[in-house]
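For reference, data38.tsv (TSV, C-alpha atoms):
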```tsv
chain	number	residue	atom	x	y	z
A	1	MET	CA	-20.24	77.68	69.41
A	2	ARG	CA	-23.09	77.42	66.90
A	3	MET	CA	-22.45	78.30	63.27
A	4	GLU	CA	-26.02	79.58	62.94
A	5	PHE	CA	-25.17	82.66	65.00
A	6	VAL	CA	-22.39	83.69	62.61
A	7	ILE	CA	-24.43	82.88	59.50
A	8	ASN	CA	-27.49	84.74	60.79
A	9	ASN	CA	-25.78	87.83	62.17
A	10	SER	CA	-22.66	88.28	60.08
A	11	ILE	CA	-23.19	86.52	56.75
A	12	GLN	CA	-26.98	86.82	56.29
A	13	ILE	CA	-26.89	85.10	52.88
A	14	HIS	CA	-27.75	81.48	52.08
A	15	PRO	CA	-24.46	79.72	51.19
A	16	MET	CA	-25.97	78.08	48.12
A	17	ALA	CA	-27.00	81.51	46.84
A	18	LEU	CA	-23.35	82.54	47.08
A	19	LYS	CA	-22.08	79.34	45.52
A	20	HIS	CA	-24.53	79.66	42.61
A	21	PHE	CA	-24.73	83.44	42.45
A	22	ASP	CA	-24.56	83.66	38.65
A	23	THR	CA	-27.64	81.48	38.16
A	24	LEU	CA	-29.93	83.17	40.71
A	25	LYS	CA	-33.32	83.99	39.20
A	26	ASP	CA	-34.34	86.93	41.39
A	27	GLN	CA	-32.53	90.09	40.30
A	28	ALA	CA	-33.46	91.94	43.48
A	29	VAL	CA	-31.82	89.18	45.52
A	30	LYS	CA	-28.72	89.32	43.32
A	31	ASP	CA	-28.51	93.08	43.83
A	32	LYS	CA	-28.78	92.68	47.59
A	33	ILE	CA	-26.07	90.01	47.62
A	34	GLN	CA	-23.84	92.09	45.37
A	35	LYS	CA	-24.14	95.04	47.75
A	36	LEU	CA	-23.00	92.91	50.71
A	37	THR	CA	-20.25	91.07	48.82
A	38	HIS	CA	-18.90	93.65	46.36
A	39	HIS	CA	-15.33	93.11	47.60
A	40	TYR	CA	-15.51	89.41	46.70
A	41	PRO	CA	-15.33	88.47	42.98
A	42	ASP	CA	-15.96	84.86	44.06
A	43	LYS	CA	-19.06	85.12	46.24
A	44	SER	CA	-18.26	81.83	47.99
A	45	ASP	CA	-15.20	83.49	49.49
A	46	TYR	CA	-17.47	85.90	51.35
A	47	PHE	CA	-19.08	83.01	53.21
A	48	VAL	CA	-15.78	81.28	53.98
A	49	HIS	CA	-14.01	84.45	55.13
A	50	LYS	CA	-16.87	85.67	57.32
A	51	LEU	CA	-17.45	82.27	58.89
A	52	ALA	CA	-13.73	81.70	59.53
A	53	GLU	CA	-13.47	85.18	61.03
A	54	GLY	CA	-16.38	84.55	63.41
A	55	ILE	CA	-15.11	81.13	64.50
A	56	GLY	CA	-11.51	82.33	64.71
A	57	THR	CA	-12.41	85.26	66.95
A	58	ILE	CA	-13.93	82.94	69.55
A	59	ALA	CA	-11.26	80.25	69.17
A	60	ALA	CA	-8.46	82.78	69.63
A	61	ALA	CA	-10.10	84.25	72.73
A	62	PHE	CA	-10.14	80.85	74.43
A	63	TYR	CA	-6.91	79.39	73.03
A	64	PRO	CA	-5.50	76.91	73.99
A	65	LYS	CA	-8.72	75.70	75.61
A	66	ASP	CA	-11.01	73.64	73.41
A	67	VAL	CA	-13.70	75.42	71.41
A	68	ILE	CA	-16.31	73.04	70.05
A	69	VAL	CA	-17.96	74.39	66.91
A	70	ARG	CA	-21.30	72.89	65.95
A	71	THR	CA	-21.89	72.76	62.21
A	72	SER	CA	-25.07	74.33	60.82
A	73	ASP	CA	-28.46	73.14	62.03
A	74	PHE	CA	-30.98	75.57	60.58
A	75	LYS	CA	-34.36	74.12	59.70
A	76	THR	CA	-35.55	74.60	56.09
A	77	ASN	CA	-37.83	77.51	57.01
A	78	GLU	CA	-34.91	79.21	58.77
A	79	TYR	CA	-32.58	78.67	55.81
A	80	ALA	CA	-35.27	80.02	53.49
A	81	SER	CA	-35.34	83.28	55.46
A	82	LEU	CA	-31.68	83.96	54.61
A	83	ILE	CA	-31.05	86.15	51.57
A	84	GLY	CA	-31.49	83.97	48.49
A	85	GLY	CA	-32.61	81.02	50.57
A	86	SER	CA	-36.07	80.59	49.08
A	87	GLU	CA	-34.58	79.40	45.76
A	88	PHE	CA	-32.81	76.49	47.44
A	89	GLU	CA	-35.06	75.31	50.25
A	90	PRO	CA	-38.03	72.92	50.03
A	91	VAL	CA	-41.25	73.72	51.88
A	92	GLU	CA	-41.79	71.21	54.68
A	93	SER	CA	-44.88	70.75	56.82
A	94	ASN	CA	-42.72	69.94	59.84
A	95	PRO	CA	-39.20	71.38	59.40
A	96	MET	CA	-38.27	70.37	62.96
A	97	LEU	CA	-38.26	66.72	61.83
A	98	GLY	CA	-37.19	67.33	58.26
A	99	PHE	CA	-34.15	68.30	56.23
A	100	ARG	CA	-31.81	69.49	58.96
A	101	GLY	CA	-28.48	68.77	60.59
A	102	ALA	CA	-26.34	65.90	59.32
A	103	SER	CA	-28.79	64.88	56.59
A	104	ARG	CA	-27.94	68.04	54.64
A	105	TYR	CA	-24.18	67.64	54.55
A	106	TYR	CA	-23.97	64.83	52.00
A	107	ASN	CA	-27.17	65.70	50.13
A	108	PRO	CA	-26.81	67.28	46.64
A	109	LYS	CA	-29.17	70.07	47.75
A	110	TYR	CA	-26.65	71.31	50.33
A	111	GLN	CA	-23.33	69.51	49.96
A	112	ASP	CA	-21.75	72.44	48.06
A	113	ALA	CA	-22.62	74.69	50.99
A	114	PHE	CA	-21.29	72.24	53.56
A	115	ALA	CA	-18.03	72.18	51.64
A	116	LEU	CA	-17.82	75.94	52.34
A	117	GLU	CA	-18.41	75.30	56.06
A	118	CYS	CA	-15.57	72.78	55.98
A	119	LYS	CA	-13.32	75.20	54.11
A	120	ALA	CA	-13.89	77.83	56.82
A	121	LEU	CA	-13.13	75.33	59.59
A	122	LYS	CA	-10.01	74.17	57.77
A	123	ARG	CA	-8.85	77.78	57.44
A	124	VAL	CA	-9.34	78.37	61.18
A	125	ARG	CA	-7.43	75.25	62.16
A	126	GLU	CA	-4.64	75.34	59.57
A	127	THR	CA	-4.16	78.89	58.29
A	128	MET	CA	-4.96	80.60	61.60
A	129	GLY	CA	-3.33	77.78	63.58
A	130	LEU	CA	-6.26	77.49	65.99
A	131	THR	CA	-6.15	73.73	66.44
A	132	ASN	CA	-8.17	74.05	69.63
A	133	VAL	CA	-11.26	74.03	67.41
A	134	LYS	CA	-13.17	70.76	67.50
A	135	ILE	CA	-16.20	69.91	65.36
A	136	MET	CA	-19.64	68.87	66.57
A	137	ILE	CA	-22.24	67.28	64.27
A	138	PRO	CA	-25.92	67.96	65.08
A	139	PHE	CA	-29.02	65.83	64.49
A	140	CYS	CA	-27.29	62.71	63.19
A	141	ARG	CA	-30.05	60.14	62.90
A	142	THR	CA	-28.38	56.83	62.03
A	143	LEU	CA	-25.05	54.99	62.00
A	144	LYS	CA	-25.06	55.07	58.19
A	145	GLU	CA	-25.48	58.84	58.34
A	146	ALA	CA	-22.62	59.12	60.81
A	147	ALA	CA	-20.37	57.23	58.40
A	148	LYS	CA	-21.42	59.46	55.50
A	149	VAL	CA	-20.74	62.66	57.43
A	150	VAL	CA	-17.32	61.52	58.63
A	151	ALA	CA	-16.48	60.62	55.01
A	152	VAL	CA	-17.65	64.02	53.73
A	153	LEU	CA	-15.59	65.81	56.36
A	154	GLU	CA	-12.53	63.80	55.37
A	155	LYS	CA	-13.18	64.52	51.67
A	156	ASN	CA	-13.15	68.22	52.54
A	157	GLY	CA	-9.83	68.02	54.38
A	158	LEU	CA	-11.11	67.50	57.91
A	159	LYS	CA	-9.97	63.99	58.81
A	160	ARG	CA	-10.66	62.81	62.32
A	161	GLY	CA	-7.40	62.44	64.26
A	162	GLU	CA	-5.33	64.42	61.76
A	163	ASN	CA	-3.58	67.41	63.33
A	164	GLY	CA	-5.43	66.60	66.56
A	165	LEU	CA	-8.90	67.01	65.06
A	166	GLN	CA	-11.66	65.59	67.23
A	167	LEU	CA	-15.26	65.06	66.15
A	168	TYR	CA	-18.22	65.22	68.52
A	169	MET	CA	-21.90	64.47	68.07
A	170	MET	CA	-25.02	65.98	69.55
A	171	THR	CA	-27.18	63.26	71.10
A	172	GLU	CA	-30.64	64.60	70.34
A	173	ILE	CA	-32.44	61.50	69.15
A	174	PRO	CA	-33.34	58.38	71.17
A	175	ASN	CA	-31.52	56.32	68.53
A	176	ASN	CA	-28.30	58.11	69.54
A	177	ILE	CA	-28.78	56.89	73.10
A	178	ILE	CA	-29.83	53.36	72.17
A	179	LEU	CA	-26.82	52.94	69.87
A	180	ALA	CA	-24.38	55.10	71.85
A	181	GLU	CA	-21.56	52.54	71.76
A	182	GLN	CA	-21.82	52.16	67.99
A	183	PHE	CA	-21.95	55.93	67.43
A	184	ALA	CA	-18.82	56.18	69.57
A	185	GLU	CA	-16.92	54.40	66.80
A	186	PHE	CA	-17.35	57.52	64.67
A	187	PHE	CA	-17.00	60.28	67.27
A	188	ASP	CA	-14.68	61.28	70.11
A	189	GLY	CA	-17.39	62.60	72.41
A	190	PHE	CA	-21.04	63.52	72.84
A	191	SER	CA	-23.16	66.36	74.15
A	192	ILE	CA	-26.85	66.00	74.93
A	193	GLY	CA	-29.24	68.35	73.14
A	194	SER	CA	-31.95	68.26	75.77
A	195	ASN	CA	-34.60	70.17	73.79
A	196	ASP	CA	-34.63	67.84	70.78
A	197	LEU	CA	-34.17	64.77	72.94
A	198	THR	CA	-37.16	65.81	75.05
A	199	GLN	CA	-39.35	66.49	72.02
A	200	LEU	CA	-38.50	63.15	70.40
A	201	THR	CA	-38.75	61.12	73.60
A	202	LEU	CA	-42.15	62.57	74.50
A	203	GLY	CA	-43.43	63.08	70.94
A	204	VAL	CA	-44.04	66.78	71.60
A	205	ASP	CA	-43.30	69.62	69.19
A	206	ARG	CA	-41.05	71.83	71.28
A	207	ASP	CA	-42.40	74.95	69.52
A	208	SER	CA	-46.06	74.17	70.23
A	209	GLU	CA	-47.61	76.50	72.80
A	210	LEU	CA	-50.59	74.15	73.08
A	211	LEU	CA	-48.33	71.38	74.38
A	212	SER	CA	-45.93	73.48	76.44
A	213	ASP	CA	-47.18	71.95	79.69
A	214	ILE	CA	-46.17	68.48	78.44
A	215	PHE	CA	-42.72	69.50	77.22
A	216	ASP	CA	-40.55	68.78	80.28
A	217	ILE	CA	-36.82	68.07	80.15
A	218	ASN	CA	-37.14	66.67	83.69
A	219	ASP	CA	-39.65	64.00	82.66
A	220	ILE	CA	-38.54	60.62	83.97
A	221	GLY	CA	-38.26	59.15	80.45
A	222	VAL	CA	-36.07	62.01	79.27
A	223	LYS	CA	-33.84	61.81	82.34
A	224	LYS	CA	-33.44	58.07	81.75
A	225	ASN	CA	-32.09	58.91	78.29
A	226	ASP	CA	-29.73	61.43	79.90
A	227	CYS	CA	-28.37	58.90	82.38
A	228	HIS	CA	-25.26	58.15	80.34
A	229	GLY	CA	-23.66	61.16	81.98
A	230	TYR	CA	-22.99	63.28	78.91
A	231	SER	CA	-22.86	67.05	79.25
A	232	ILE	CA	-26.14	68.91	78.77
A	233	CYS	CA	-26.20	71.32	75.82
A	234	SER	CA	-29.64	72.88	75.39
```

Can you present the structure in this file as structure tokens?
Amino acid sequence: MRMEFVINNSIQIHPMALKHFDTLKDQAVKDKIQKLTHHYPDKSDYFVHKLAEGIGTIAAAFYPKDVIVRTSDFKTNEYASLIGGSEFEPVESNPMLGFRGASRYYNPKYQDAFALECKALKRVRETMGLTNVKIMIPFCRTLKEAAKVVAVLEKNGLKRGENGLQLYMMTEIPNNIILAEQFAEFFDGFSIGSNDLTQLTLGVDRDSELLSDIFDINDIGVKKNDCHGYSICS
């Protein structure tokens, strides 16, 4: 399950805009947020409640089978399109290779928002009792980053191994494959993100129509990266 679907369809508001609602500069944006969140004096609660509700609905439907929830992996341009997002997102020339995935979770520009994601996950697992929820971290570039993310999760009450919590990682970067054994020290399992792995193995922007004939998940080099036998998760 991808958090982006819940955030896009149900929440619609950038989490940092909710966390820092009182200091928003655009009054029209504040009015729009107020209209959606008028039942929530603390605007952050809107994000946590809606996200926990979305995750919990799926987790309950499949209980006791595992439901792996991937934490947010919007690109900066996608985050900026959320209500209030433009005040918090940098403009990047290539968002696909920029400030996304794991790099956001410990960064001051997003760490307050990631704490809300963690709070929602904690509510699902502990308050709702849906311990079948596991967590998957996307676009984790380095071992140092893996250590930082695991530490941030633990700081926010989501300690690996506690109450049966398992952590997984998307393998989307050749470095994840090259250092698979070392990454395994931080995570309980892996799932291959074939689109990003293809784009970074072949050096092809997966969104480029001009290069669509080169983008091929069945390319021999990509399949060699996939040979570890992890599950495919496009």

**OP:** Dig up all the protein and nucleic acid residues within 12 Å of (-37.7, 70.5, 57.6) in the file frame, using only C-alpha atoms, and format them as JSON, numbers by chain.
**Re:** {"A": [73, 74, 75, 76, 77, 78, 79, 80, 89, 90, 91, 92, 93, 94, 95, 96, 97, 98, 99, 100, 101, 103, 104]}

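For the choices A:Phe5, A:Tyr40, A:Phe190, A:Tyr168, the atom-to-atom distance to Ile55 in chain A is smallest for A:Phe5 when using only C-alpha atoms.
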
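Taking only C-alpha atoms into account, Val29 in chain A lies nearest to A:Ser86 out of the set A:Ser86, A:Ser44, A:Asn156, A:Thr131.
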
**OP:** In the coordinates of the file, take the point (-6.2, 79.3, 58.8) and a cut-off of 12 Å; then, counting all atoms listed in the file, name each qualifying protein, DNA or RNA residue as a ChimeraX atom specification.
**Re:** /A:48-49,51-53,55-57,59-60,118-131,133

**OP:** Within 12 Å of Ala17 in chain A, counting only C-alpha atoms, which residues show up once you throw out same-chain ones fewer than 2 positions away? Write them as a PyMOL selection string, please.
**Re:** chain A and resi 11-15+19-26+29-30+32-34+37+42-44+46-47+79-80+82-89+109-110+112-113

Generate a file of the selected residues that holds C-alpha atoms, formatted as a CSV table (one decimal), in the frame of the given file.
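Saved the output as again_38.csv:
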```csv
chain,number,residue,atom,x,y,z
A,11,ILE,CA,-23.2,86.5,56.8
A,12,GLN,CA,-27.0,86.8,56.3
A,13,ILE,CA,-26.9,85.1,52.9
A,14,HIS,CA,-27.8,81.5,52.1
A,15,PRO,CA,-24.5,79.7,51.2
A,19,LYS,CA,-22.1,79.3,45.5
A,20,HIS,CA,-24.5,79.7,42.6
A,21,PHE,CA,-24.7,83.4,42.4
A,22,ASP,CA,-24.6,83.7,38.6
A,23,THR,CA,-27.6,81.5,38.2
A,24,LEU,CA,-29.9,83.2,40.7
A,25,LYS,CA,-33.3,84.0,39.2
A,26,ASP,CA,-34.3,86.9,41.4
A,29,VAL,CA,-31.8,89.2,45.5
A,30,LYS,CA,-28.7,89.3,43.3
A,32,LYS,CA,-28.8,92.7,47.6
A,33,ILE,CA,-26.1,90.0,47.6
A,34,GLN,CA,-23.8,92.1,45.4
A,37,THR,CA,-20.2,91.1,48.8
A,42,ASP,CA,-16.0,84.9,44.1
A,43,LYS,CA,-19.1,85.1,46.2
A,44,SER,CA,-18.3,81.8,48.0
A,46,TYR,CA,-17.5,85.9,51.4
A,47,PHE,CA,-19.1,83.0,53.2
A,79,TYR,CA,-32.6,78.7,55.8
A,80,ALA,CA,-35.3,80.0,53.5
A,82,LEU,CA,-31.7,84.0,54.6
A,83,ILE,CA,-31.0,86.2,51.6
A,84,GLY,CA,-31.5,84.0,48.5
A,85,GLY,CA,-32.6,81.0,50.6
A,86,SER,CA,-36.1,80.6,49.1
A,87,GLU,CA,-34.6,79.4,45.8
A,88,PHE,CA,-32.8,76.5,47.4
A,89,GLU,CA,-35.1,75.3,50.2
A,109,LYS,CA,-29.2,70.1,47.8
A,110,TYR,CA,-26.6,71.3,50.3
A,112,ASP,CA,-21.8,72.4,48.1
A,113,ALA,CA,-22.6,74.7,51.0
```

Original post:
For Asn132 in chain A, which residue out of A:Arg70, A:Gln166, A:Lys224, A:Lys65 is the nearest one, using all atoms listed in the file?
Top reply: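 Counting all atoms listed in the file, the residue closest to Asn132 in chain A is A:Lys65.
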
Subject >> Top pick for closest residue to Leu158 in chain A, considering A:Lys134, A:Lys223, A:Lys144, A:Lys50 and counting only C-alpha atoms >> reply: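 Residue with the minimum atom-to-atom distance to Leu158 in chain A: A:Lys134.
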
Original post:
If you count only C-alpha atoms, which residues fall within 7 Å of Thr171 in chain A, apart from same-chain ones fewer than 5 positions away, as a PyMOL selection string?
Top reply: chain A and resi 176-177+190-193

Original post:
Quick one: distance from CA of Asp188 in chain A to CA of Glu162 in chain A in Å, one decimal?
Top reply: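 These two atoms are separated by 12.9 Å.
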
Original post:
In Å to one decimal, how far is CA of Leu179 in chain A from CA of Lys148 in chain A?
Top reply: 16.7 Å

Original post:
Separation of CA of Asn195 in chain A and CA of Ile217 in chain A, in Å?
Top reply: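 Value for the CA of Asn195 in chain A-CA of Ile217 in chain A distance: 7.1 Å.
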